[in-house]
Structure formats: C-alpha cells, structure tokens
Amino acid sequence: MAHNPSELAGVGTSAGYRFAMRARIAKRIGMLGKVASAISQAGGSVVAIDIVQPGRQQIIRDLTIDAVDEAHQQRIVARVKRLEGVDVVNVSDRIFQMHLGGKLEVTNKRPLKTRDDLSMAYTPGVARVAKAIHEDPSRVFRLTIKGNAVAIVTDGSAVLGLGNIGPEAALPVMEGKAMLFKEFAGVDAFPLPLDTQDVEEIIQTVQHISPVFGAINLEDIAAPRCFEIEDRLRQQLEIPVFHDDQHGTAIVVAAALINATKVVCKELEALRVVVSGIGAAGVACTKIMLDLGITTIIGCDRNGALYQGRDVGMTPIKEWYASVTNPEGKRGSISDVIEEADFFLGVSGPGLLTADDIKKMAPDPIVFALANPTPEISPEEAEPHVAVMATGRSDYPNQVNNVLAFPGVFRGALDCCATTINEQMNLAAARALAALVSDDELNPDHIIPSVFDRRVAPTVARAVCEAGHETGVARRSRKC
C-alpha cells in the first residue's frame with residue numbers, strides 16, 4: 001500500500017537527528033504554514049519555531065526539526081529550498097553544536113583568590129595533608145577527590161550500536177556518561193578511553209590509575225574480554241569495579257521483571273524464560289534472574305539453544321552458562337524452545353522474534369525486546385499477543401535504561417566506601433527500583449520508573465549502601 005509522505009510525517013524521527021534551519025520567509029499570509037507543510041510532507045517533525053529578526057517584507061525564523069537520519073535532513077532542507085519566497089540562510093546540526101568543545105569541564109570546589117588560599121590549597125599547606133594520607137591511607141577518601149570519583153574506562157570495542165569504533169570515537173559517549181553520573185547522583189566521573197584492546201594492558205592501566213578513583217566503571221568493552229577484565233580487576237583492586245553493560249542492564253531488567261510478573265499474576269520462581277543473546281548483558285541478566293529464584297532459563301545464541309555437551313560456538317563463559325541453565329536440555333532455535341515460555345528477554349539483535357513465536361508462549365507472555373535501536377520484535381507487531389512489553393527505546397513505554405541503575409549504584413557504593421559491588425547490592429538496587437512503582441501506578445505500560453524520576457538515584461543509593469553494610473564490604477560507618 002502506497003502512503004502519501006505527509007501521512008508519515010514524524011514517523012521514526014528523533015532528537016538524535018535534530019537540526020536547526022534558519023530561513024528568510026516572505027511576510028505573506030500562509031507562508032509559514034507552507035514551510036511547515038513542506039517539512040511535514042518530507043517526513044520531518046517541527047519541534048519549535050522562533051523569530052530571529054522581524055521585517056517589513058521578510059521574517060527570519062529558526063525552525064528546529066527532527067529527522068530520521070542525516071540523509072533525511074538533507075531531503076527536508078531541499079524540499080524547503082524549492083518553496084518560492086523562502087531563502088534558507090543556514091542549516092546547523094544541534095547535536096554537533098552541543099558537542100563543540102566537549103561536554104565536560106573541571107572546576108574548583110574551593111576559592112583560589114588570595115595568597116592564603118594558595119598556601120592552603122597548594123604549597124606549603126598541602127604537605128600536611130599529603131603526610132596525613134601517607135601515615136593513614138584510608139584518609140585519601142575524605143581528603144581528596146577519590147571519595148567521589150569514578151573512572152569510565154573503555155577500549156571502544158563495543159560502543160552503543162556502533163561496534164568497534166576505537167577510543168577517540170568513544171570519547172563523546174563516555175563524556176555523556178559522565179554527565180549522567182553528575183546530573184543524577186552528584187558523582188565526578190572522568191571519561192578514560194584507552195588506546196588498547198589488549199586484556200593485560202587494560203588491566204595494568206586501570207591498576208595504575210586506581211589511586212585516583214573510588215570506583216571503576218567499565219564501559220562498552222566487547223565480550224568475552226569484558227568478563228576476564230572485570231573478574232581480574234575485582235580480585236586485584238580494593239575499590240568497586242562495575243561493568244555497566246552487564247550489571248546495569250541486569251538491575252533494570254530485574255526491576256522491570258519483578259513488576260511485570262505482578263501485572264500478569266505470576267510467581268518469579270515459576271517462570272520459564274528464554275534469553276536471546278549470551279553476551280555481557282545476557283549473562284549478567286541470567287545471573288540476576290537466578291538470584292531471583294528463577295530456575296528454568298534457556299539461553300540462545302546464533303547457533304541456537306545452549307545446553308551441556310554442545311560443541312558448536314562455545315566459549316568458557318558459554319560453557320558455564322550451559323552448566324547452570326536449560327535443566328531440560330532443550331535444543332534448537334528460539335522458535336523451537338520458546339514454546340510455553342512466560343518471559344522472553346532479547347539482548348541481541350533486530351528481527352529475531354516473530355509474532356508466531358510469541359503465540360507459542362504461555363498465556364499472558366512478557367516480552368523485553370531490548371536490542372537498540374531496532375528491537376528483536378517491534379512493539380507494534382508484538383502488542384496484540386503480549387501482556388507486557390518493554391524495549392530499550394525512549395519512544396515506547398517501559399524503557400529499560402541503564403541510567404535507572406548506575407548513578408545510584410555508584411553513589412551508594414561511594415557513600416559506604418565499598419571495597420566491591422556484590423550480587424546482593426545489585427539485587428537490592430533492583431528491588432528498590434521496582435518498589436518505586438506503587439501498586440496503584442502499576443500497569444502493563446508502567447512497570448519501571450521514568451529516567452527523569454528524581455527519586456530513583458537516591459533510592460537505589462540507599463539500598464546499595466545498606467546492602468554494602470549488611471554484606472561486610474563497607475569501610476565507612478553506617479549513614480545511609
């Protein structure tokens with residue numbers, strides 16, 4: 001069926017491809033409407049219109065427009081340029097404008113305006129503080145930035161949906177992560193993309209920089225390297241090491257699943273689960289589901305279900321996975337093993353689940369299709385057949401977003417001066433996050449709080465801090 005372009009205006013557009021177009025528009029009745037109509041017919045979405053300079057014959061306006069991608073931006077501009085009485089003066093990409101000069105800066109917390117300020121902040125006064133830390137190293141957490149500092153370490157090998165793009169290209173992503181740390185939890189985070197993808201070099205580098213930081217956030221490091229790097233650093237450092245792609249995802253998935261089971265009136269322990277994708281996120285999500293008491297889990301990779309004895313495409317982590325899941329030893333593709341499953345978790349790639357697959361699931365199925373930007377199945381296709389649907393996207397209900405977890409998790413770990421972030425702390429974070437959705441608010445389209453709910457980070461932080469004390473990994477006296 002053919003569609004008029006105007007019928008598709010705004011479909012698939014996003015703020016990720018937002019741009020500003022400055023246009024000199026003839027001051028005639030209906031001209032602004034013609035411009036807006038041209039943008040709509042080209043499939044763009046007008047976000048805002050501002051007057052820059054009024055005039056007798058013409059008005060200069062800035063139009064803020066959302067597009068689908070860069071090529072779509074160009075088509076929209078070309079459509080407007082064809083209008084009589086309109087002169088496009090300038091086009092600028094607001095995303096690139098936001099990144100000019102970087103998104104972070106270092107500022108002083110104490111004034112440095114007088115000779116006395118200088119003598120206390122630096123020489124000679126600072127020598128007393130350095131000596132105090134030398135005599136009692138634990139004081140470094142209170143007397144330096146270390147007590148509120150997190151290193152965001154990546155090798156650029158698995159960035160967002162972009163893949164192995166290297167350290168320089170990963171830097172703006174890590175800057176954005178640092179902004180989220182500061183905005184939602186008041187944590188000073190520093191982006192540290194490393195120019196190596198060698199496991200030993202990454203481990204040694206993080207060891208060498210660790211005196212500055214109270215915690216390490218590993219980010220966008222490809223599996224299976226990420227597992228070894230995290231495991232060895234956790235053994236060697238006395239500060240938390242947290243791979244957000246694993247544990248951040250797992251915490252939010254667990255919170256959403258806790259509430260989804262309430263919606264469908266099913267017990268967690270009785271769920272039959274199929275997981276698509278046995279990378280960093282899939283493994284961590286499986287571990288936290290096991291901690292929740294779920295015992296029937298089948299993991300699938302591109303070679304189908306994992307089971308003990310499989311000899312195709314196996315790695316040490318997949319061998320472990322097969323040993324703790326799939327108790328019935330089922331084999332085959334997702335479509336083969338999904339029959340009577342209560343919950344499908346997708347952390348893999350687009351288009352791997354079909355409506356026919358969902359129809360095979362148990363009554364009132366729960367589907368979390370988290371591949372970004374294109375999920376394993378579109379919500380539109382799944383909606384007639386599911387009881388609860390979640391994605392990783394912000395333009396659908398129930399967004400599973402790591403920002404719901406990591407700021408509060410690190411805040412809590414720093415507050416109790418934890419030596420590690422253990423599974424009990426992760427589980428406490430998930431339960432606290434789930435509890436923020438009250439029984440009155442809970443419904444199929446609202447199983448997880450909004451990323452802009454300001455209760456999230458402090459609530460998660462308190463739960464993590466408390467769990468840190470209960471499990472004996474806190475070095476600071478209880479105050480959370």
# chains A, B, ... in the order shown; residues from 1 in each chain; ligands from 1
$ residues_around --residues "A:Phe410" --least-positions-apart "4" --cutoff "9 Å" --atoms "only C-alpha atoms" --output "CSV table (one decimal) with C-alpha atoms, in the first residue's frame"
chain,number,residue,atom,x,y,z
A,150,VAL,CA,34.7,7.3,39.1
A,181,PHE,CA,26.8,10.5,36.7
A,185,ALA,CA,24.0,11.3,41.5
A,187,VAL,CA,29.4,11.8,41.1
A,215,ALA,CA,35.3,3.1,41.8
A,217,ASN,CA,33.0,1.8,35.6
A,240,PRO,CA,34.4,-1.4,43.2
A,242,PHE,CA,31.4,-2.5,37.8
A,405,ALA,CA,20.7,1.9,37.8
A,406,PHE,CA,24.3,3.0,37.6
A,414,LEU,CA,30.9,5.5,47.3
A,415,ASP,CA,28.8,6.6,50.3
A,421,ILE,CA,29.8,-4.1,44.4
A,461,ALA,CA,21.9,4.5,46.5
A,464,VAL,CA,23.1,-0.3,47.8
$ atom_distance --atom1 "atom CA of A:Asp395" --atom2 "atom CA of A:Leu32"
28.2 Å
$ residues_around --residues "stretch 288-290 of chain A" --least-positions-apart "6" --cutoff "8 Å" --atoms "only C-alpha atoms" --output "PyMOL selection string"
chain A and resi 250-251+254+423+427
$ select_by_dssp --residues "stretch 74-218 of chain A" --states "alpha helix (DSSP H)" --output "JSON, numbers by chain"
{"A": [74, 75, 76, 77, 78, 79, 80, 81, 94, 95, 96, 97, 98, 99, 115, 116, 117, 118, 119, 120, 121, 126, 127, 128, 129, 130, 131, 132, 133, 134, 135, 140, 141, 142, 143, 166, 167, 168, 169, 170, 171, 172, 173, 174, 175, 176, 177, 178, 179, 180, 181, 182, 183, 184, 185, 199, 200, 201, 202, 203, 204, 205, 206, 207, 208, 209]}
